[in-house]
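Here is protein_9.pdb, consisting of PDB, C-alpha atoms and all ligand atoms:
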MODEL        1
ATOM      1  CA  MET Y   1      11.001 -17.003 -51.507
ATOM      2  CA  ALA Y   2       8.983 -14.745 -53.706
ATOM      3  CA  LEU Y   3       5.766 -16.741 -54.140
ATOM      4  CA  VAL Y   4       3.455 -17.326 -51.183
ATOM      5  CA  ARG Y   5       0.055 -19.031 -51.173
ATOM      6  CA  ILE Y   6      -2.378 -18.025 -48.447
ATOM      7  CA  ARG Y   7      -6.109 -17.915 -47.822
ATOM      8  CA  PRO Y   8      -7.912 -14.743 -48.950
ATOM      9  CA  LEU Y   9      -7.805 -11.653 -46.748
ATOM     10  CA  VAL Y  10     -10.496  -9.818 -44.769
ATOM     11  CA  ASP Y  11     -11.107  -6.054 -45.054
ATOM     12  CA  MET Y  12     -13.153  -4.868 -42.086
ATOM     13  CA  HIS Y  13     -13.781  -1.304 -43.352
ATOM     14  CA  VAL Y  14     -14.999  -0.524 -46.875
ATOM     15  CA  HIS Y  15     -17.646   1.700 -48.438
ATOM     16  CA  LEU Y  16     -19.498  -0.068 -51.256
ATOM     17  CA  ARG Y  17     -21.869   2.911 -51.873
ATOM     18  CA  GLU Y  18     -24.931   0.753 -52.592
ATOM     19  CA  PRO Y  19     -27.701   1.797 -52.123
ATOM     20  CA  GLY Y  20     -27.684   5.407 -53.287
ATOM     21  CA  GLY Y  21     -24.139   5.925 -54.600
ATOM     22  CA  GLU Y  22     -24.027   3.446 -57.481
ATOM     23  CA  HIS Y  23     -22.290   6.008 -59.733
ATOM     24  CA  LYS Y  24     -19.247   5.757 -57.401
ATOM     25  CA  GLU Y  25     -19.300   1.987 -56.691
ATOM     26  CA  THR Y  26     -21.699  -0.931 -56.477
ATOM     27  CA  ILE Y  27     -21.567  -4.122 -54.476
ATOM     28  CA  ALA Y  28     -20.607  -5.816 -57.763
ATOM     29  CA  SER Y  29     -17.780  -3.417 -58.700
ATOM     30  CA  GLY Y  30     -16.519  -3.019 -55.141
ATOM     31  CA  THR Y  31     -16.315  -6.745 -54.570
ATOM     32  CA  ALA Y  32     -14.610  -7.198 -57.963
ATOM     33  CA  ALA Y  33     -11.964  -4.761 -56.695
ATOM     34  CA  ALA Y  34     -11.826  -6.677 -53.399
ATOM     35  CA  LYS Y  35     -11.286  -9.988 -55.158
ATOM     36  CA  ALA Y  36      -8.566  -8.527 -57.382
ATOM     37  CA  GLY Y  37      -6.899  -7.191 -54.245
ATOM     38  CA  GLY Y  38      -6.771 -10.593 -52.560
ATOM     39  CA  PHE Y  39      -9.765 -10.188 -50.249
ATOM     40  CA  GLY Y  40     -12.334 -12.925 -49.731
ATOM     41  CA  ALA Y  41     -14.548 -10.951 -47.342
ATOM     42  CA  VAL Y  42     -15.327  -7.287 -46.724
ATOM     43  CA  ALA Y  43     -17.383  -5.487 -44.093
ATOM     44  CA  CYS Y  44     -19.226  -2.489 -45.528
ATOM     45  CA  MET Y  45     -19.960   0.720 -43.668
ATOM     46  CA  PRO Y  46     -23.562   1.949 -43.290
ATOM     47  CA  ASN Y  47     -23.233   5.549 -44.565
ATOM     48  CA  THR Y  48     -25.140   4.737 -47.741
ATOM     49  CA  THR Y  49     -28.186   6.653 -49.002
ATOM     50  CA  PRO Y  50     -30.335   5.828 -47.108
ATOM     51  CA  PRO Y  51     -28.070   4.749 -44.238
ATOM     52  CA  LEU Y  52     -28.235   1.178 -42.914
ATOM     53  CA  ASP Y  53     -30.148   1.976 -39.732
ATOM     54  CA  THR Y  54     -33.025  -0.530 -40.086
ATOM     55  CA  SER Y  55     -33.102  -4.296 -40.450
ATOM     56  CA  GLU Y  56     -34.861  -3.895 -43.806
ATOM     57  CA  ARG Y  57     -31.915  -1.908 -45.188
ATOM     58  CA  VAL Y  58     -29.379  -4.390 -43.806
ATOM     59  CA  ARG Y  59     -31.327  -7.182 -45.493
ATOM     60  CA  PHE Y  60     -31.303  -5.203 -48.764
ATOM     61  CA  VAL Y  61     -27.474  -5.168 -48.779
ATOM     62  CA  ILE Y  62     -27.319  -8.864 -47.966
ATOM     63  CA  GLY Y  63     -29.767  -9.594 -50.777
ATOM     64  CA  ARG Y  64     -27.843  -7.499 -53.311
ATOM     65  CA  ALA Y  65     -24.623  -9.175 -52.203
ATOM     66  CA  ARG Y  66     -26.186 -12.583 -52.722
ATOM     67  CA  GLU Y  67     -27.129 -11.557 -56.284
ATOM     68  CA  THR Y  68     -24.027  -9.613 -57.331
ATOM     69  CA  ALA Y  69     -21.048  -9.911 -54.963
ATOM     70  CA  LEU Y  70     -17.817 -11.717 -55.878
ATOM     71  CA  VAL Y  71     -16.639 -12.028 -52.252
ATOM     72  CA  SER Y  72     -18.451 -12.312 -48.922
ATOM     73  CA  VAL Y  73     -20.081  -9.044 -47.800
ATOM     74  CA  TYR Y  74     -20.813  -8.368 -44.121
ATOM     75  CA  PRO Y  75     -22.889  -5.240 -43.449
ATOM     76  CA  ILE Y  76     -22.119  -2.910 -40.555
ATOM     77  CA  ALA Y  77     -25.222  -1.059 -39.292
ATOM     78  CA  CYS Y  78     -25.600   2.433 -37.844
ATOM     79  CA  ILE Y  79     -25.217   3.099 -34.108
ATOM     80  CA  THR Y  80     -27.760   5.934 -34.241
ATOM     81  CA  VAL Y  81     -30.817   6.587 -36.394
ATOM     82  CA  GLY Y  82     -29.725   8.457 -39.534
ATOM     83  CA  GLN Y  83     -26.190   8.642 -38.088
ATOM     84  CA  ARG Y  84     -27.396  11.753 -36.287
ATOM     85  CA  GLY Y  85     -25.812  10.824 -32.967
ATOM     86  CA  GLU Y  86     -29.099  10.921 -31.051
ATOM     87  CA  ALA Y  87     -31.436   7.900 -30.817
ATOM     88  CA  LEU Y  88     -29.868   4.425 -30.845
ATOM     89  CA  THR Y  89     -30.944   2.008 -33.570
ATOM     90  CA  ASP Y  90     -32.471  -1.396 -32.677
ATOM     91  CA  PHE Y  91     -29.242  -3.371 -32.177
ATOM     92  CA  ALA Y  92     -30.909  -6.764 -31.637
ATOM     93  CA  ALA Y  93     -33.013  -6.420 -34.795
ATOM     94  CA  LEU Y  94     -29.999  -5.273 -36.835
ATOM     95  CA  LYS Y  95     -27.999  -8.259 -35.618
ATOM     96  CA  ALA Y  96     -30.866 -10.619 -36.439
ATOM     97  CA  ALA Y  97     -30.939  -9.124 -39.973
ATOM     98  CA  GLY Y  98     -27.236  -9.928 -40.442
ATOM     99  CA  ALA Y  99     -25.257  -6.877 -39.276
ATOM    100  CA  VAL Y 100     -21.852  -7.882 -37.847
ATOM    101  CA  ALA Y 101     -20.955  -4.583 -36.145
ATOM    102  CA  LEU Y 102     -22.214  -1.070 -35.439
ATOM    103  CA  SER Y 103     -20.673   2.235 -36.543
ATOM    104  CA  ASP Y 104     -21.634   5.788 -37.451
ATOM    105  CA  ASP Y 105     -18.470   5.880 -39.591
ATOM    106  CA  GLY Y 106     -18.113   9.212 -41.330
ATOM    107  CA  TYR Y 107     -19.226  10.923 -38.136
ATOM    108  CA  PRO Y 108     -18.217  10.637 -34.494
ATOM    109  CA  VAL Y 109     -20.886   9.922 -31.897
ATOM    110  CA  ALA Y 110     -20.402  13.333 -30.293
ATOM    111  CA  ASP Y 111     -22.599  12.876 -27.207
ATOM    112  CA  GLU Y 112     -20.801  10.936 -24.467
ATOM    113  CA  GLY Y 113     -24.056   9.680 -22.925
ATOM    114  CA  VAL Y 114     -25.194   8.279 -26.289
ATOM    115  CA  MET Y 115     -21.867   6.478 -26.779
ATOM    116  CA  ARG Y 116     -21.952   5.080 -23.230
ATOM    117  CA  ALA Y 117     -25.449   3.659 -23.796
ATOM    118  CA  ALA Y 118     -24.404   2.316 -27.208
ATOM    119  CA  LEU Y 119     -21.405   0.450 -25.755
ATOM    120  CA  ILE Y 120     -23.565  -1.201 -23.092
ATOM    121  CA  LYS Y 121     -26.386  -2.159 -25.477
ATOM    122  CA  ALA Y 122     -23.977  -3.369 -28.166
ATOM    123  CA  ALA Y 123     -22.257  -5.643 -25.639
ATOM    124  CA  GLU Y 124     -25.675  -7.047 -24.672
ATOM    125  CA  ALA Y 125     -26.512  -7.605 -28.346
ATOM    126  CA  GLY Y 126     -23.103  -9.178 -29.037
ATOM    127  CA  LEU Y 127     -22.064  -6.621 -31.670
ATOM    128  CA  PRO Y 128     -18.714  -4.769 -31.774
ATOM    129  CA  ILE Y 129     -18.781  -0.951 -31.868
ATOM    130  CA  ILE Y 130     -16.439   0.646 -34.416
ATOM    131  CA  SER Y 131     -15.716   4.226 -33.454
ATOM    132  CA  HIS Y 132     -14.973   6.947 -36.018
ATOM    133  CA  CYS Y 133     -13.015   9.296 -33.752
ATOM    134  CA  GLU Y 134     -13.021  13.003 -34.566
ATOM    135  CA  PRO Y 135     -11.027  14.759 -33.192
ATOM    136  CA  GLU Y 136      -9.156  11.485 -33.404
ATOM    137  CA  THR Y 137      -7.126  11.231 -30.208
ATOM    138  CA  GLN Y 138      -9.681  12.997 -28.023
ATOM    139  CA  ILE Y 139     -12.657  10.819 -28.981
ATOM    140  CA  ALA Y 140     -10.537   7.648 -28.978
ATOM    141  CA  GLU Y 141      -9.479   8.455 -25.396
ATOM    142  CA  ARG Y 142     -13.094   9.133 -24.429
ATOM    143  CA  ASP Y 143     -14.373   5.897 -25.952
ATOM    144  CA  MET Y 144     -11.614   3.794 -24.392
ATOM    145  CA  ARG Y 145     -12.395   5.373 -21.010
ATOM    146  CA  LEU Y 146     -16.106   4.579 -21.517
ATOM    147  CA  ALA Y 147     -15.281   0.986 -22.480
ATOM    148  CA  GLY Y 148     -13.199   0.665 -19.329
ATOM    149  CA  GLU Y 149     -15.881   2.195 -17.100
ATOM    150  CA  THR Y 150     -18.664   0.034 -18.525
ATOM    151  CA  GLY Y 151     -16.656  -3.189 -18.890
ATOM    152  CA  THR Y 152     -17.317  -3.273 -22.642
ATOM    153  CA  SER Y 153     -15.130  -3.259 -25.785
ATOM    154  CA  VAL Y 154     -14.512  -0.709 -28.509
ATOM    155  CA  HIS Y 155     -12.744  -0.799 -31.873
ATOM    156  CA  ILE Y 156     -11.017   2.401 -33.044
ATOM    157  CA  ALA Y 157     -11.268   2.971 -36.814
ATOM    158  CA  HIS Y 158      -8.531   4.311 -39.128
ATOM    159  CA  VAL Y 159      -5.839   5.370 -36.636
ATOM    160  CA  SER Y 160      -3.530   7.940 -38.223
ATOM    161  CA  LEU Y 161      -1.753   9.789 -35.400
ATOM    162  CA  ARG Y 162       1.109   9.051 -33.052
ATOM    163  CA  SER Y 163      -0.900  10.574 -30.192
ATOM    164  CA  THR Y 164      -3.746   8.103 -30.826
ATOM    165  CA  VAL Y 165      -1.319   5.181 -30.984
ATOM    166  CA  GLU Y 166       0.088   6.254 -27.619
ATOM    167  CA  ALA Y 167      -3.400   6.584 -26.109
ATOM    168  CA  ILE Y 168      -4.329   3.071 -27.322
ATOM    169  CA  ALA Y 169      -1.099   1.616 -25.913
ATOM    170  CA  ARG Y 170      -1.855   3.210 -22.524
ATOM    171  CA  ALA Y 171      -5.447   1.910 -22.552
ATOM    172  CA  LYS Y 172      -4.286  -1.627 -23.410
ATOM    173  CA  LEU Y 173      -1.810  -1.461 -20.514
ATOM    174  CA  ARG Y 174      -4.690  -0.480 -18.191
ATOM    175  CA  GLY Y 175      -6.563  -3.561 -19.368
ATOM    176  CA  VAL Y 176      -9.187  -1.790 -21.492
ATOM    177  CA  SER Y 177     -10.733  -4.081 -24.113
ATOM    178  CA  VAL Y 178      -9.810  -2.090 -27.207
ATOM    179  CA  THR Y 179      -8.788  -3.027 -30.731
ATOM    180  CA  ALA Y 180      -7.712  -0.680 -33.510
ATOM    181  CA  GLU Y 181      -7.145  -0.539 -37.247
ATOM    182  CA  THR Y 182      -5.098   1.641 -39.551
ATOM    183  CA  CYS Y 183      -5.046   1.999 -43.348
ATOM    184  CA  PRO Y 184      -2.279   1.707 -45.970
ATOM    185  CA  HIS Y 185      -2.250   5.462 -46.657
ATOM    186  CA  TYR Y 186      -1.332   6.075 -43.000
ATOM    187  CA  PHE Y 187       1.815   3.923 -43.137
ATOM    188  CA  THR Y 188       2.993   4.625 -46.707
ATOM    189  CA  GLU Y 189       5.329   7.501 -47.509
ATOM    190  CA  GLY Y 190       4.278   9.445 -50.599
ATOM    191  CA  ALA Y 191       0.528   8.783 -50.289
ATOM    192  CA  SER Y 192      -1.708  11.647 -51.420
ATOM    193  CA  GLY Y 193      -5.330  12.701 -51.398
ATOM    194  CA  LYS Y 194      -8.028  14.121 -49.163
ATOM    195  CA  MET Y 195      -9.438  11.760 -46.587
ATOM    196  CA  ASN Y 196     -10.687  11.791 -43.005
ATOM    197  CA  PRO Y 197      -8.599  11.613 -40.878
ATOM    198  CA  PRO Y 198      -6.155  13.482 -43.144
ATOM    199  CA  LEU Y 199      -2.624  12.310 -43.942
ATOM    200  CA  ALA Y 200      -0.338  13.196 -41.067
ATOM    201  CA  GLY Y 201       3.433  13.632 -40.733
ATOM    202  CA  SER Y 202       6.316  11.204 -41.066
ATOM    203  CA  GLU Y 203       6.553  10.760 -37.290
ATOM    204  CA  ASP Y 204       2.943   9.569 -37.387
ATOM    205  CA  ILE Y 205       3.762   7.116 -40.211
ATOM    206  CA  TRP Y 206       6.585   5.674 -38.118
ATOM    207  CA  ALA Y 207       4.400   5.488 -34.999
ATOM    208  CA  VAL Y 208       1.698   3.626 -36.952
ATOM    209  CA  ARG Y 209       4.301   1.190 -38.335
ATOM    210  CA  ARG Y 210       5.675   0.536 -34.851
ATOM    211  CA  ALA Y 211       2.133   0.051 -33.519
ATOM    212  CA  LEU Y 212       1.448  -2.580 -36.204
ATOM    213  CA  SER Y 213       4.609  -4.366 -35.158
ATOM    214  CA  ASP Y 214       4.180  -4.228 -31.358
ATOM    215  CA  GLY Y 215       0.468  -5.137 -31.271
ATOM    216  CA  THR Y 216      -0.944  -1.715 -30.360
ATOM    217  CA  ILE Y 217      -2.827  -1.737 -33.685
ATOM    218  CA  ASP Y 218      -4.599  -5.011 -34.462
ATOM    219  CA  ALA Y 219      -5.749  -4.751 -38.060
ATOM    220  CA  ILE Y 220      -5.112  -3.199 -41.464
ATOM    221  CA  ALA Y 221      -8.284  -2.047 -43.246
ATOM    222  CA  THR Y 222      -8.519  -0.050 -46.446
ATOM    223  CA  ASP Y 223     -11.370   2.398 -45.671
ATOM    224  CA  HIS Y 224     -12.006   2.000 -49.435
ATOM    225  CA  ALA Y 225     -14.091   5.134 -50.131
ATOM    226  CA  PRO Y 226     -14.883   5.636 -53.822
ATOM    227  CA  HIS Y 227     -15.769   9.043 -55.287
ATOM    228  CA  THR Y 228     -15.995  10.040 -58.959
ATOM    229  CA  ARG Y 229     -13.472  12.368 -60.587
ATOM    230  CA  ALA Y 230     -16.092  15.125 -60.874
ATOM    231  CA  GLU Y 231     -16.928  14.831 -57.180
ATOM    232  CA  LYS Y 232     -13.257  14.904 -56.213
ATOM    233  CA  ALA Y 233     -12.721  17.982 -58.413
ATOM    234  CA  ALA Y 234     -15.528  19.913 -56.690
ATOM    235  CA  LEU Y 235     -14.938  22.336 -53.836
ATOM    236  CA  PRO Y 236     -14.987  21.203 -51.139
ATOM    237  CA  ALA Y 237     -13.966  17.726 -52.352
ATOM    238  CA  PRO Y 238     -15.501  14.809 -50.456
ATOM    239  CA  ASN Y 239     -13.262  12.817 -48.094
ATOM    240  CA  GLY Y 240     -12.001   9.380 -49.008
ATOM    241  CA  VAL Y 241      -9.625   7.298 -51.079
ATOM    242  CA  ILE Y 242      -9.992   3.827 -52.587
ATOM    243  CA  GLY Y 243      -7.703   1.032 -51.462
ATOM    244  CA  LEU Y 244      -8.863  -2.528 -52.094
ATOM    245  CA  GLU Y 245      -6.610  -3.175 -55.105
ATOM    246  CA  THR Y 246      -3.442  -1.670 -53.602
ATOM    247  CA  ALA Y 247      -3.572  -2.725 -49.921
ATOM    248  CA  VAL Y 248      -1.409  -5.844 -50.230
ATOM    249  CA  ALA Y 249       1.173  -4.091 -52.407
ATOM    250  CA  ALA Y 250       1.333  -1.089 -50.082
ATOM    251  CA  ALA Y 251       1.634  -3.308 -47.005
ATOM    252  CA  LEU Y 252       4.407  -5.411 -48.538
ATOM    253  CA  THR Y 253       6.274  -2.315 -49.729
ATOM    254  CA  ALA Y 254       5.964  -0.214 -46.569
ATOM    255  CA  LEU Y 255       5.940  -2.920 -43.875
ATOM    256  CA  TYR Y 256       7.529  -6.144 -45.137
ATOM    257  CA  HIS Y 257      10.308  -4.752 -47.320
ATOM    258  CA  THR Y 258      11.249  -2.178 -44.665
ATOM    259  CA  GLY Y 259      11.750  -4.990 -42.156
ATOM    260  CA  THR Y 260       8.912  -3.699 -39.962
ATOM    261  CA  LEU Y 261       6.820  -6.887 -40.093
ATOM    262  CA  GLY Y 262       7.261 -10.511 -41.086
ATOM    263  CA  LEU Y 263       4.743 -12.068 -43.458
ATOM    264  CA  ASP Y 264       2.907 -14.013 -40.739
ATOM    265  CA  ARG Y 265       2.237 -10.889 -38.688
ATOM    266  CA  LEU Y 266       1.374  -8.885 -41.816
ATOM    267  CA  PHE Y 267      -1.264 -11.356 -42.966
ATOM    268  CA  ALA Y 268      -2.659 -11.817 -39.444
ATOM    269  CA  LEU Y 269      -3.340  -8.060 -39.481
ATOM    270  CA  MET Y 270      -5.232  -8.461 -42.772
ATOM    271  CA  ARG Y 271      -7.050 -11.744 -42.102
ATOM    272  CA  GLU Y 272      -7.224 -13.489 -38.700
ATOM    273  CA  ASN Y 273      -7.381 -10.323 -36.584
ATOM    274  CA  PRO Y 274     -10.165  -8.490 -38.455
ATOM    275  CA  ALA Y 275     -12.152 -11.752 -38.699
ATOM    276  CA  LYS Y 276     -11.798 -12.218 -34.952
ATOM    277  CA  ILE Y 277     -12.823  -8.624 -34.168
ATOM    278  CA  LEU Y 278     -15.961  -9.001 -36.337
ATOM    279  CA  ARG Y 279     -16.520 -12.636 -35.281
ATOM    280  CA  ILE Y 280     -16.838 -13.754 -38.904
ATOM    281  CA  PRO Y 281     -15.388 -16.904 -40.522
ATOM    282  CA  LEU Y 282     -12.159 -16.797 -42.507
ATOM    283  CA  PRO Y 283     -12.926 -16.821 -46.225
ATOM    284  CA  GLU Y 284     -12.310 -19.983 -48.208
ATOM    285  CA  GLY Y 285     -10.054 -20.224 -51.241
ATOM    286  CA  GLU Y 286      -6.494 -19.268 -51.970
ATOM    287  CA  ILE Y 287      -4.514 -16.297 -53.256
ATOM    288  CA  GLU Y 288      -0.966 -16.087 -54.501
ATOM    289  CA  ILE Y 289       1.382 -13.301 -53.495
ATOM    290  CA  ASP Y 290       4.636 -12.478 -55.245
ATOM    291  CA  THR Y 291       6.455 -10.599 -52.506
ATOM    292  CA  ASP Y 292       9.177  -9.343 -54.845
ATOM    293  CA  LYS Y 293       7.183  -8.315 -57.923
ATOM    294  CA  ILE Y 294       7.946  -4.711 -58.837
ATOM    295  CA  TRP Y 295       5.089  -2.930 -60.612
ATOM    296  CA  THR Y 296       3.668   0.551 -61.135
ATOM    297  CA  LEU Y 297       0.032   1.372 -60.489
ATOM    298  CA  ASP Y 298      -2.004   2.456 -63.517
ATOM    299  CA  GLU Y 299      -5.217   3.695 -61.921
ATOM    300  CA  GLU Y 300      -7.053   3.426 -65.244
ATOM    301  CA  LYS Y 301      -6.827  -0.360 -64.931
ATOM    302  CA  LEU Y 302      -8.476  -0.595 -61.515
ATOM    303  CA  LEU Y 303     -11.719  -2.570 -61.288
ATOM    304  CA  SER Y 304     -13.269  -0.110 -58.847
ATOM    305  CA  LYS Y 305     -15.618   2.349 -60.554
ATOM    306  CA  SER Y 306     -13.655   5.210 -59.010
ATOM    307  CA  ARG Y 307     -10.066   6.367 -59.496
ATOM    308  CA  ASN Y 308      -9.354   8.249 -56.274
ATOM    309  CA  THR Y 309      -6.326   6.201 -55.234
ATOM    310  CA  PRO Y 310      -3.837   7.695 -52.759
ATOM    311  CA  PHE Y 311      -1.073   6.010 -54.806
ATOM    312  CA  PRO Y 312      -1.402   7.281 -58.430
ATOM    313  CA  GLY Y 313       1.563   6.114 -60.492
ATOM    314  CA  MET Y 314       3.314   4.661 -57.429
ATOM    315  CA  THR Y 315       5.800   1.810 -57.836
ATOM    316  CA  PHE Y 316       5.311  -1.062 -55.380
ATOM    317  CA  LYS Y 317       7.317  -4.132 -54.462
ATOM    318  CA  GLY Y 318       4.897  -7.020 -54.002
ATOM    319  CA  ARG Y 319       1.696  -7.999 -55.761
ATOM    320  CA  VAL Y 320      -1.297 -10.247 -55.211
ATOM    321  CA  PHE Y 321      -2.744 -12.632 -57.780
ATOM    322  CA  PRO Y 322      -6.196 -13.948 -56.934
ATOM    323  CA  LEU Y 323      -6.529 -17.546 -58.100
ATOM    324  CA  LEU Y 324      -9.637 -18.658 -59.863
ATOM    325  CA  GLN Y 325     -11.187 -21.755 -58.381
ATOM    326  CA  GLU Y 326     -10.179 -23.890 -61.361
ATOM    327  CA  ASN Y 327      -6.622 -22.484 -61.431
ATOM    328  CA  ALA Y 328      -6.289 -23.164 -57.734
ATOM    329  CA  ALA Y 329      -7.130 -26.806 -58.300
ATOM    330  CA  ILE Y 330      -4.591 -27.135 -61.105
ATOM    331  CA  ALA Y 331      -1.866 -25.235 -59.288
ATOM    332  CA  THR Y 332      -2.052 -27.327 -56.142
ATOM    333  CA  LEU Y 333      -1.665 -30.664 -58.026
TER
HETATM  334 ZN    ZN Y 401     -14.361   6.879 -40.589
ENDMDL
END

Turn the structure described in the file into structure tokens.
Amino acid sequence: MALVRIRPLVDMHVHLREPGGEHKETIASGTAAAKAGGFGAVACMPNTTPPLDTSERVRFVIGRARETALVSVYPIACITVGQRGEALTDFAALKAAGAVALSDDGYPVADEGVMRAALIKAAEAGLPIISHCEPETQIAERDMRLAGETGTSVHIAHVSLRSTVEAIARAKLRGVSVTAETCPHYFTEGASGKMNPPLAGSEDIWAVRRALSDGTIDAIATDHAPHTRAEKAALPAPNGVIGLETAVAAALTALYHTGTLGLDRLFALMRENPAKILRIPLPEGEIEIDTDKIWTLDEEKLLSKSRNTPFPGMTFKGRVFPLLQENAAIATL
């Protein structure tokens, strides 16, 4: 069967660039891209300008989302003040303002003592910690050890390496409370671009695919990270690729049509699992997916303000069609 109707998806890791980076993306343009990509909810990272390290700034994002967003927006707040890896932010106040998780994404929390204190305080506040691990395997191993020692949980962002997959599998076997995500560019052959962590080798792609299948990795997130063409042409170019409008197509092409995952598992990785990790409700509504639609990406037609896709000109098998509310009513008659 080619046509499937499901509820909208959840992306637990995007960069909407507002405030401070509105030339790259806004909450309005980023959520338009999210909606076109089949997502009904996104969680946005706090490395804006200024960063989301106070309750006032978290409330600003929620207010802008209320005015301009086309899908639900859940802010993630900083672990440390200014993402400097030193003083912890006020987790309870950030949660009260509406933050759903904590992360210094873009930077690792380098100091082990700071991360240990953050894990304990985040557990007390009831907020998940999302760890940007750099160097990836080394910091992931450290944070999983800390979670084990302190009886807390940690979520590992954007896993790209076989060695990290193996470390997560070992930690899960030991009973550590750890979840992990990867991104479409880490399981798709032929992806391109400069991002952090960088694209790895084909053995890493296969390890990530296996980890999505066997439960070592729990979620697919895009790490949608818009940058303008001029910024990407500069030296050194900033890290990041966009992904909201291609995630479903890439996942169907690289995971479903290769026989790696069935549709139920695939959509659990893009909906139920990220919602559960962030403790947010599943979005309402309906999307339609044509699993067999063959199409070629024209990046000029993307709704994101930026064009830094890892899949320029790529041909996919599988496409999502977001249903308007009124169409949904007609189509389900
Ligand atoms: Zn990151």

List all protein, DNA and RNA residues that have an atom no more than 6 Å from any atom of ligand ZN 401 (chain Y), counting all atoms listed in the file, and report them as a compact mmCIF listing (two decimals) with C-alpha atoms, in the coordinates of the input.
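Below you can see part.txt, which holds the result:
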# COMPACT_ATOMS: atom_id res chain seq x y z
CA ASP Y 105 -18.47 5.88 -39.59
CA GLY Y 106 -18.11 9.21 -41.33
CA HIS Y 132 -14.97 6.95 -36.02

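Residues in contact with Phe187 (chain Y) at 10 Å, where all atoms listed in the file are counted and same-chain residues fewer than 6 positions away are skipped, are listed as Ser160, Leu199, Ala200, Ser202, Asp204, Ile205, Trp206, Ala207, Val208, Arg209, Arg210, Leu212, Ala250, Ala251, Ala254 and Leu255 of chain Y.
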
Please, could you write that set of residues out with C-alpha atoms as a compact mmCIF listing (two decimals), in the frame of the given file?
# COMPACT_ATOMS: atom_id res chain seq x y z
CA SER Y 160 -3.53 7.94 -38.22
CA LEU Y 199 -2.62 12.31 -43.94
CA ALA Y 200 -0.34 13.20 -41.07
CA SER Y 202 6.32 11.20 -41.07
CA ASP Y 204 2.94 9.57 -37.39
CA ILE Y 205 3.76 7.12 -40.21
CA TRP Y 206 6.58 5.67 -38.12
CA ALA Y 207 4.40 5.49 -35.00
CA VAL Y 208 1.70 3.63 -36.95
CA ARG Y 209 4.30 1.19 -38.34
CA ARG Y 210 5.68 0.54 -34.85
CA LEU Y 212 1.45 -2.58 -36.20
CA ALA Y 250 1.33 -1.09 -50.08
CA ALA Y 251 1.63 -3.31 -47.00
CA ALA Y 254 5.96 -0.21 -46.57
CA LEU Y 255 5.94 -2.92 -43.88

Matched chain/residue IDs from the PyMOL selection byres (((chain Y and resi 246) around 12) and not hetatm), as an NGL selection string: :Y and (33-39 or 183-185 or 188 or 191 or 221-224 or 241-245 or 247-254 or 295-299 or 301-304 or 307-321)

Any chance you could resolve the PyMOL selection byres (((chain Y and resi 120) around 12) and not hetatm) against this file and give the residues as a PyMOL selection string? chain Y and resi 79+88+91+113-119+121-129+143+146-154

Using all atoms listed in the file, pick whichever of Y:Leu173, Y:Thr48, Y:Ala211, Y:Gly82 has the shortest atom-to-atom distance to Tyr186 (chain Y).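 Checking each candidate against Tyr186 (chain Y), we get Y:Ala211 as the closest.
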
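Selection by the PyMOL selection byres (((chain Y and resi 273-281) around 8) and not hetatm) on the present file picks out Y:Val10, Y:Asp11, Y:Met12, Y:Val100, Y:Ala101, Y:Pro128, Y:Thr179, Y:Asp218, Y:Ala219, Y:Ile220, Y:Ala268, Y:Leu269, Y:Met270, Y:Arg271, Y:Glu272, Y:Leu282, Y:Pro283.
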
Residues at most 10 Å from Gln138 (chain Y), counting only C-alpha atoms, excluding those fewer than 6 positions away in the same chain, as a count of residues only? 3

Neighbourhood query: residues within 8 Å of (-6.6, -20.0, -51.0), file coordinates, counting only C-alpha atoms; return as JSON, numbers by chain. {"Y": [5, 6, 7, 8, 284, 285, 286, 287, 288, 323, 328]}

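The nearest approach to Pro75 (chain Y) among the residues Y:Thr89, Y:Met195, Y:His13, Y:Pro50, with only C-alpha atoms taken into account, belongs to Y:His13.
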
Show which residues sit within 10 Å of Glu25 (chain Y), as a PyMOL selection string. Count only C-alpha atoms, and ignore same-chain residues fewer than 4 positions away. chain Y and resi 15-21+29-31+33+225-228+303-306

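Atom pair CA of Val14 (chain Y) / CA of Ala230 (chain Y): separated by 21.0 Å.
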
Minimum-distance residue to Glu56 (chain Y), chosen among Y:Ile294, Y:Leu235, Y:Val109, Y:Ala93 (using only C-alpha atoms): Y:Ala93

Point-to-point distance from CA of Asp111 (chain Y) to CA of Val176 (chain Y), Å rounded to tenths: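 CA of Val176 (chain Y) lies 20.7 Å from CA of Asp111 (chain Y).
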
In Å, how far is it from CA of Val58 (chain Y) to CA of Cys133 (chain Y)?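 CA of Val58 (chain Y) sits 23.6 Å away from CA of Cys133 (chain Y).
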
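In this comparison, which uses only C-alpha atoms, the residue of Y:Ser72, Y:Thr260, Y:Ser192, Y:Ser131 approaching Ala110 (chain Y) most closely is Y:Ser131.
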